[in-house]
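The structure appears right after this line, and notes come after that.
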Amino acid sequence: MLIDKIKSLASEIHEEVTVNRRHLHAHPELSFEEYNTSAFVKIQLTKMGIPFKEMANTGVVGLIEGKKSDKVIALRADMDALPIVEANDVTYKSKNQGVMHACGHDVHTSSLLGTASILNQLKDEFAGTVKLIFQPAEERLPGGANLMIKEGVLENPTPNAVLGQHVMPLIDAGKIGIRPGKYMASTDELYVTIKGKGGHGAQPQQNIDPVVIMAHMITALQTIISRSADPRSPSVLSFGKVIANGATNVIPNEVYLEGTFRTLNEKWRAEAHLKMKKMAESIAEGMGGSCDFRIEKGYPFLVNEEQLTARVKANAIEYLGVENVLDLDIWMAAEDFAYFSQAADACFYRLGTRNEARGITSSVHTPTFDIDENALGISTGLMAYMTIKELGN
């Protein structure tokens, strides 16, 4: 049986995938700087005899040709790391101080190399082409997915579907999670400078206090979510950085804010941008000041195509068993895989990496994030099985 063949191959390469993952984990690179990671991927593809080309500077795209067919499936893995000081005491701890694979991209890259190995050995089992997308810069705007699409990664050949997986420490290793339809939010970065007139805190009548303007502004902007957004469609507006560099008795000239806006509706997203900017400027002006409200538009929302996702879920159940395939809720985090989902039929699912008994429970983007490496046996074989089932024979 196909499942047995794939599981056997996944077991055979598990140690190699683990070694690759640990190498990548120990040598993380930031977004747009993945030169050594890219070189490592190219070396591995060359060893397997898989042809590839470079895209978006550090991106790599490989092709595996099965039996003749027009059908094409693309598989995506991101490669970049985060500016975090690793706190794990492990042999494969980051050697690049201040840089860490705290979001599992080392897992994604090593897993896709493993999947490539399996598929390359089973080329006679499927009809069509597998496009392997090793993508840079998921963690930083404008996003490597966006750049690769603009450079033609979804052309020559054009995929019928794009699949991607991402670690999730909320799910136990051995399981995956999946959701059809809208799954992850768009993300926009907000940068606001409120200008007033600083002075002595004991003489507020002589000043235009940007701190007070800021307080009114943050509170008022939340009404855009509570009173203008459709409550049936999630939206989030959060400010995480506030700089009012005065003192106990000094009112500053300016206050600086940074925040994020997220939603799952592109029409409302555009409307909200206008409402936020207009409200902020009006409040500042009405209180005697002014403001510069800048929105850096980020990733769109991520949508899993319904029919493709239903097939992927059914194939996952065949491979893992129904008890190991979980239904997920909407996730208001963002992912630049969303660009693939907006441009083609796509499915993005979650790979469980949690092991409470071993204390592997830390969230992504934390200094103690790690995985149960038993998940690497599933990450490779499952994606290979999904791919062959989707291509057919």
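Identifiers in this document derive from the order of the structure tokens: chains are assigned A, B, ..., residues are numbered from 1 separately in each chain, and ligands are numbered from 1 in order of occurrence.
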Could you give me, as a PyMOL selection string, each residue of region 154-246 of chain A that DSSP assigns to strand (DSSP E) when run on this structure's backbone?
chain A and resi 161-172+176-178+181-184+188-195+199-200+235-243
If you keep C-alpha atoms, can you produce a file of those selected residues as a PDB file, in the first residue's frame?
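The result, written out as result-v5.pdb:
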ATOM      1  CA  ALA A 161      -2.815  23.721  -5.497  1.00  0.00           C
ATOM      2  CA  VAL A 162      -0.342  24.976  -2.896  1.00  0.00           C
ATOM      3  CA  LEU A 163       0.137  23.151   0.418  1.00  0.00           C
ATOM      4  CA  GLY A 164       1.922  24.435   3.505  1.00  0.00           C
ATOM      5  CA  GLN A 165       2.348  23.312   7.090  1.00  0.00           C
ATOM      6  CA  HIS A 166       3.307  25.156  10.258  1.00  0.00           C
ATOM      7  CA  VAL A 167       4.266  23.972  13.718  1.00  0.00           C
ATOM      8  CA  MET A 168       1.735  24.459  16.520  1.00  0.00           C
ATOM      9  CA  PRO A 169       2.834  23.884  20.124  1.00  0.00           C
ATOM     10  CA  LEU A 170      -0.789  23.852  21.283  1.00  0.00           C
ATOM     11  CA  ILE A 171      -1.264  20.507  19.505  1.00  0.00           C
ATOM     12  CA  ASP A 172       0.398  17.283  20.659  1.00  0.00           C
ATOM     13  CA  ILE A 176      -2.359  17.940  13.009  1.00  0.00           C
ATOM     14  CA  GLY A 177      -4.989  20.672  12.899  1.00  0.00           C
ATOM     15  CA  ILE A 178      -6.875  22.033   9.927  1.00  0.00           C
ATOM     16  CA  GLY A 181     -12.278  28.612   4.637  1.00  0.00           C
ATOM     17  CA  LYS A 182     -10.997  31.756   6.321  1.00  0.00           C
ATOM     18  CA  TYR A 183      -8.321  30.778   8.815  1.00  0.00           C
ATOM     19  CA  MET A 184      -5.768  33.533   9.576  1.00  0.00           C
ATOM     20  CA  ASP A 188      -1.266  45.904   9.143  1.00  0.00           C
ATOM     21  CA  GLU A 189       1.288  47.877  11.134  1.00  0.00           C
ATOM     22  CA  LEU A 190       0.292  51.267  12.555  1.00  0.00           C
ATOM     23  CA  TYR A 191       2.794  54.041  13.252  1.00  0.00           C
ATOM     24  CA  VAL A 192       1.380  57.197  14.861  1.00  0.00           C
ATOM     25  CA  THR A 193       3.114  60.417  15.873  1.00  0.00           C
ATOM     26  CA  ILE A 194       0.984  62.819  17.931  1.00  0.00           C
ATOM     27  CA  LYS A 195       2.305  66.366  18.016  1.00  0.00           C
ATOM     28  CA  GLY A 199       6.133  72.360  28.722  1.00  0.00           C
ATOM     29  CA  HIS A 200       5.935  72.292  32.489  1.00  0.00           C
ATOM     30  CA  SER A 235     -11.214  42.328  13.965  1.00  0.00           C
ATOM     31  CA  VAL A 236      -8.380  43.253  16.310  1.00  0.00           C
ATOM     32  CA  LEU A 237      -6.806  46.655  17.004  1.00  0.00           C
ATOM     33  CA  SER A 238      -3.952  46.682  19.530  1.00  0.00           C
ATOM     34  CA  PHE A 239      -1.289  49.215  20.449  1.00  0.00           C
ATOM     35  CA  GLY A 240       1.790  47.632  21.964  1.00  0.00           C
ATOM     36  CA  LYS A 241       4.254  50.498  21.937  1.00  0.00           C
ATOM     37  CA  VAL A 242       3.736  53.947  23.489  1.00  0.00           C
ATOM     38  CA  ILE A 243       6.562  56.447  23.896  1.00  0.00           C
TER      39      ILE A 243
END
List the spatial neighbours of region 333-345 of chain A as a ChimeraX atom specification - criterion: any atom at most 9 Å away, only C-alpha atoms, same-chain residues fewer than 2 positions off excluded.
/A:76,137-139,141-146,149,154,159-164,184-187,262,298-306,308,331,347-348
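The environment of Gly288 (chain A) within 12 Å, counting only C-alpha atoms and disregarding residues fewer than 2 places along the same chain, consists of A:Ile194, A:Lys195, A:Gly196, A:Lys197, A:Gln205, A:Gln206, A:Asn207, A:Ile208, A:Asp209, A:Pro210, A:Val212, A:Ile213, A:Glu281, A:Ser282, A:Ile283, A:Ala284, A:Glu285, A:Gly286, A:Ser290, A:Cys291.
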Looking only at the backbone, which of the residues in region 147-281 of chain A does DSSP tag as helix (DSSP H, G or I), as number ranges by chain?
A: 147-150, 204-206, 210-228, 266-281
Which residue gives the smallest distance to Pro180 (chain A) among A:Ala357, A:Leu24, A:Ile330, A:Ile13, with only C-alpha atoms counted?
A:Ile330
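CA of Arg179 (chain A) sits 22.3 Å away from CA of Trp268 (chain A).
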Can you pull out every residue within 9 Å of Lys389 (chain A), counting only C-alpha atoms, but drop anything in the same chain fewer than 6 positions away, and send it as JSON, numbers by chain?
{"A": [126, 311, 312, 315]}
Contacts of region 43-59 of chain A at 9 Å (only C-alpha atoms; same-chain gap of 6+ positions) as a PyMOL selection string
chain A and resi 32-37+79+113+116-117+120+132-136+144+147-148+151-153
Just C-alpha atoms for this one: save the residues we selected as a PDB file, in the first residue's frame.
ATOM      1  CA  PHE A  32      16.246  38.386   3.706  1.00  0.00           C
ATOM      2  CA  GLU A  33      19.591  37.119   5.089  1.00  0.00           C
ATOM      3  CA  GLU A  34      19.100  33.360   4.657  1.00  0.00           C
ATOM      4  CA  TYR A  35      22.232  32.863   2.527  1.00  0.00           C
ATOM      5  CA  ASN A  36      23.652  29.855   4.375  1.00  0.00           C
ATOM      6  CA  THR A  37      20.219  28.300   4.783  1.00  0.00           C
ATOM      7  CA  MET A  79      13.331  29.506   6.093  1.00  0.00           C
ATOM      8  CA  LEU A 113      13.572  18.374   2.259  1.00  0.00           C
ATOM      9  CA  ALA A 116      11.204  15.873  -1.340  1.00  0.00           C
ATOM     10  CA  SER A 117      13.317  12.794  -0.632  1.00  0.00           C
ATOM     11  CA  ASN A 120      11.749  11.720  -5.422  1.00  0.00           C
ATOM     12  CA  LEU A 132       9.203  22.708  -3.915  1.00  0.00           C
ATOM     13  CA  ILE A 133       9.131  26.300  -2.644  1.00  0.00           C
ATOM     14  CA  PHE A 134      11.759  27.186  -0.046  1.00  0.00           C
ATOM     15  CA  GLN A 135      10.756  30.725   0.825  1.00  0.00           C
ATOM     16  CA  PRO A 136      12.665  33.508   2.583  1.00  0.00           C
ATOM     17  CA  GLY A 144       9.000  36.474   0.851  1.00  0.00           C
ATOM     18  CA  LEU A 147       8.203  38.644  -3.634  1.00  0.00           C
ATOM     19  CA  MET A 148       8.352  35.095  -5.017  1.00  0.00           C
ATOM     20  CA  GLU A 151       8.934  36.866  -9.616  1.00  0.00           C
ATOM     21  CA  GLY A 152       6.752  34.095 -11.063  1.00  0.00           C
ATOM     22  CA  VAL A 153       6.924  31.215  -8.579  1.00  0.00           C
TER      23      VAL A 153
END
All residues 9 Å or closer to Leu320 (chain A), only C-alpha atoms, same chain fewer than 2 positions away omitted, as an NGL selection string:
:A and (174-176 or 315-318 or 322-325 or 378 or 382)
Restricted to C-alpha atoms, what would the selected residues look like written as an mmCIF file, in the first residue's frame?
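File part_1.cif, as written:
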data_model
loop_
_atom_site.group_PDB
_atom_site.id
_atom_site.type_symbol
_atom_site.label_atom_id
_atom_site.label_comp_id
_atom_site.auth_asym_id
_atom_site.auth_seq_id
_atom_site.Cartn_x
_atom_site.Cartn_y
_atom_site.Cartn_z
ATOM 1 C CA GLY A 174 1.422 13.032 16.354
ATOM 2 C CA LYS A 175 -1.583 15.187 15.488
ATOM 3 C CA ILE A 176 -2.359 17.940 13.009
ATOM 4 C CA ASN A 315 -6.134 12.142 3.277
ATOM 5 C CA ALA A 316 -4.720 13.145 6.654
ATOM 6 C CA ILE A 317 -7.322 10.971 8.376
ATOM 7 C CA GLU A 318 -6.322 8.053 6.139
ATOM 8 C CA VAL A 322 -9.390 10.352 12.623
ATOM 9 C CA GLU A 323 -8.411 10.876 16.268
ATOM 10 C CA ASN A 324 -5.217 12.644 15.180
ATOM 11 C CA VAL A 325 -6.791 15.207 12.834
ATOM 12 C CA ILE A 378 4.799 12.848 10.452
ATOM 13 C CA LEU A 382 2.030 13.126 5.620
#
Gly114 (chain A) proximity check over A:Ser11, A:Gln203, A:Thr263, A:Asn253, using only C-alpha atoms: winner is A:Ser11
Determine, for each residue of region 8-31 of chain A having at least one atom at most 9 Å from an atom of region 370-375 of chain A, the closest pair of atoms and their separation in Å to one decimal, counting only C-alpha atoms; order by chain and ascending number, as a Markdown table.
| residue | atom | partner | partner_atom | distance |
| --- | --- | --- | --- | --- |
| A:His14 | CA | A:Asn374 | CA | 8.5 |
| A:Thr18 | CA | A:Glu373 | CA | 6.9 |
| A:Arg21 | CA | A:Glu373 | CA | 9.0 |
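Ranking A:Ala81, A:Val72, A:Met276, A:Met332 by their shortest atom-to-atom distance to Leu264 (chain A), with only C-alpha atoms included, puts A:Met332 first.
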Need to verify the contact set: region 128-131 of chain A, 6 Å, only C-alpha atoms, exclusion of same-chain residues closer than 5 positions in sequence. Can you return it as a PyMOL selection string?
chain A and resi 62-74
Write the residues you've just listed into a file as an mmCIF file, in the first residue's frame, and include C-alpha atoms for each of them.
data_model
loop_
_atom_site.group_PDB
_atom_site.id
_atom_site.type_symbol
_atom_site.label_atom_id
_atom_site.label_comp_id
_atom_site.auth_asym_id
_atom_site.auth_seq_id
_atom_site.Cartn_x
_atom_site.Cartn_y
_atom_site.Cartn_z
ATOM 1 C CA GLY A 62 12.908 22.717 -6.942
ATOM 2 C CA LEU A 63 10.964 20.473 -9.330
ATOM 3 C CA ILE A 64 10.224 16.759 -9.119
ATOM 4 C CA GLU A 65 8.735 15.260 -12.274
ATOM 5 C CA GLY A 66 6.496 12.234 -11.969
ATOM 6 C CA LYS A 67 4.726 10.478 -14.802
ATOM 7 C CA LYS A 68 3.578 12.781 -17.595
ATOM 8 C CA SER A 69 0.634 14.930 -16.564
ATOM 9 C CA ASP A 70 -0.345 18.597 -16.584
ATOM 10 C CA LYS A 71 -1.154 18.529 -12.879
ATOM 11 C CA VAL A 72 1.147 20.464 -10.523
ATOM 12 C CA ILE A 73 1.231 20.661 -6.720
ATOM 13 C CA ALA A 74 3.393 23.231 -4.935
#
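Put simply, CA of Leu75 (chain A) is 28.1 Å away from CA of Asn96 (chain A).
Taking CA of His105 (chain A) and CA of His23 (chain A) as endpoints, the distance between them is 12.2 Å.
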